[in-house]
Amino acid sequence: MIGFLRGRVIRSEPDKVILDVSGVGYEIHVPVSTYYELEKVDSEDAQLFIHTHVREDALQLFGFWTHREKQLFLRLIAVSGIGPRLAQTILSGMPPGELAEALTQGDFRRLTKIPGVGKKTAERMVLELRDKVRDLLSGDTEPAPARAQDDDLVLALVNLGYKKADVEKAVLRVEASNPELAFADKLRASLRFLSKV
């Protein structure tokens with residue numbers, strides 16, 4: 001099992017990166033919070049905590065900037081009905097500290113705003129994780145700047161599970177308020193707006 005990788009980022013998108021480790025390119029699925037952090041660091045020396053997910057038909061790597069993020073992911077996939085891709089979407093829909101807080105407080109309203117999380121899934125998450133995530137409560141780091149076009153922003157948010165119409169409204173609102181924001185900042189601001197829709 002792969003538990004940690006360090007290498008050079010040769011391609012990054014809000015939901016995955018390709019990390020060159022000694023000439024081998026690993027495709028690693030990441031939540032948006034990890035993507036923000038990778039945009040801040042020197043792409044020559046990126047490091048991620050890894051969860052190796054083995055299925056009958058595939059082997060997938062999921063990467064996390066912090067050990068806390070990985071622990072939250074592992075606890076999410078232990079919940080009945082939540083697989084690794086949904087857990088990645090959940091971590092992308094809310095920063096780890098806020099997610100742990102919502103789970104411990106039983107805040108179903110906030111949890112159901114995450115794409116793919118309905119009322120029953122939110123109830124299951126709270127029931128199974130309320131007491132198991134208290135140790136993961138803490139603050140989060142700020143996102144990093146990165147340049148990209150608004151079309152890429154819309155595509156990234158749609159790929160995270162949001163409806164295109166809602167995404168376009170969010171991006172237009174963010175663009176109108178501050179057109180000079182970097183891509184990662186626009187992404188975070190758009191996610192904030194979408195969580196209130």
# chains A, B, ... in the order shown; residues from 1 in each chain; ligands from 1
call {"tool": "closest_atom_pairs", "arguments": {"of": "segment 7-40 of chain A", "to": "segment 159-171 of chain A", "cutoff": "12 Å", "atoms": "only C-alpha atoms", "output": "CSV"}}
result
residue,atom,partner,partner_atom,distance
A:Glu13,CA,A:Asn159,CA,10.7
A:Pro14,CA,A:Leu160,CA,8.8
A:Asp15,CA,A:Leu160,CA,7.8
A:Lys16,CA,A:Asn159,CA,11.3
A:Val30,CA,A:Leu160,CA,11.4
A:Pro31,CA,A:Leu160,CA,9.5
A:Val32,CA,A:Leu160,CA,9.2
call {"tool": "residues_around", "arguments": {"residues": "Arg192 of chain A", "least_positions_apart": "3", "cutoff": "9 Å", "atoms": "only C-alpha atoms", "output": "NGL selection string"}}
result
:A and (93-94 or 170 or 187-189 or 195-196)
call {"tool": "write_last_selection", "arguments": {"atoms": "N, CA and C atoms", "output": "PDB file, in the first residue's frame"}}
result
ATOM      1  N   GLY A  93     -16.489  19.919  -0.923  1.00  0.00           N
ATOM      2  CA  GLY A  93     -17.629  20.796  -0.702  1.00  0.00           C
ATOM      3  C   GLY A  93     -17.559  21.608   0.568  1.00  0.00           C
ATOM      4  N   MET A  94     -16.669  21.236   1.469  1.00  0.00           N
ATOM      5  CA  MET A  94     -16.560  21.953   2.741  1.00  0.00           C
ATOM      6  C   MET A  94     -15.165  21.729   3.321  1.00  0.00           C
ATOM      7  N   ALA A 170     -23.078  31.493  -9.843  1.00  0.00           N
ATOM      8  CA  ALA A 170     -22.044  31.717  -8.822  1.00  0.00           C
ATOM      9  C   ALA A 170     -20.800  32.358  -9.432  1.00  0.00           C
ATOM     10  N   LEU A 187     -12.556  29.905  -7.238  1.00  0.00           N
ATOM     11  CA  LEU A 187     -13.140  28.601  -6.955  1.00  0.00           C
ATOM     12  C   LEU A 187     -13.677  28.554  -5.530  1.00  0.00           C
ATOM     13  N   ARG A 188     -12.897  29.041  -4.605  1.00  0.00           N
ATOM     14  CA  ARG A 188     -13.330  29.033  -3.201  1.00  0.00           C
ATOM     15  C   ARG A 188     -14.539  29.949  -2.997  1.00  0.00           C
ATOM     16  N   ALA A 189     -14.500  31.134  -3.605  1.00  0.00           N
ATOM     17  CA  ALA A 189     -15.618  32.075  -3.470  1.00  0.00           C
ATOM     18  C   ALA A 189     -16.885  31.489  -4.107  1.00  0.00           C
ATOM     19  N   SER A 195     -22.735  26.989  -1.592  1.00  0.00           N
ATOM     20  CA  SER A 195     -23.162  26.355  -0.342  1.00  0.00           C
ATOM     21  C   SER A 195     -24.361  27.083   0.269  1.00  0.00           C
ATOM     22  N   LYS A 196     -24.634  28.326  -0.191  1.00  0.00           N
ATOM     23  CA  LYS A 196     -25.771  29.103   0.342  1.00  0.00           C
ATOM     24  C   LYS A 196     -26.989  29.014  -0.557  1.00  0.00           C
TER      25      LYS A 196
END
call {"tool": "atom_distance", "arguments": {"atom1": "atom CA of Ser22 of chain A", "atom2": "atom CA of Lys70 of chain A"}}
result
23.7 Å
call {"tool": "residues_around", "arguments": {"residues": "Glu27 of chain A", "least_positions_apart": "5", "cutoff": "10 Å", "atoms": "only C-alpha atoms", "output": "ChimeraX atom specification"}}
result
/A:11-12,16-20,60-63
call {"tool": "closest_residue", "arguments": {"among": "A:Glu123, A:Asp185, A:Glu101, A:Asp135", "to": "Leu153 of chain A", "atoms": "only C-alpha atoms"}}
result
A:Asp185
call {"tool": "select_by_dssp", "arguments": {"residues": "segment 21-140 of chain A", "states": "strand (DSSP E or B)", "output": "number ranges by chain"}}
result
A: 21, 24-29, 46-54, 59-64
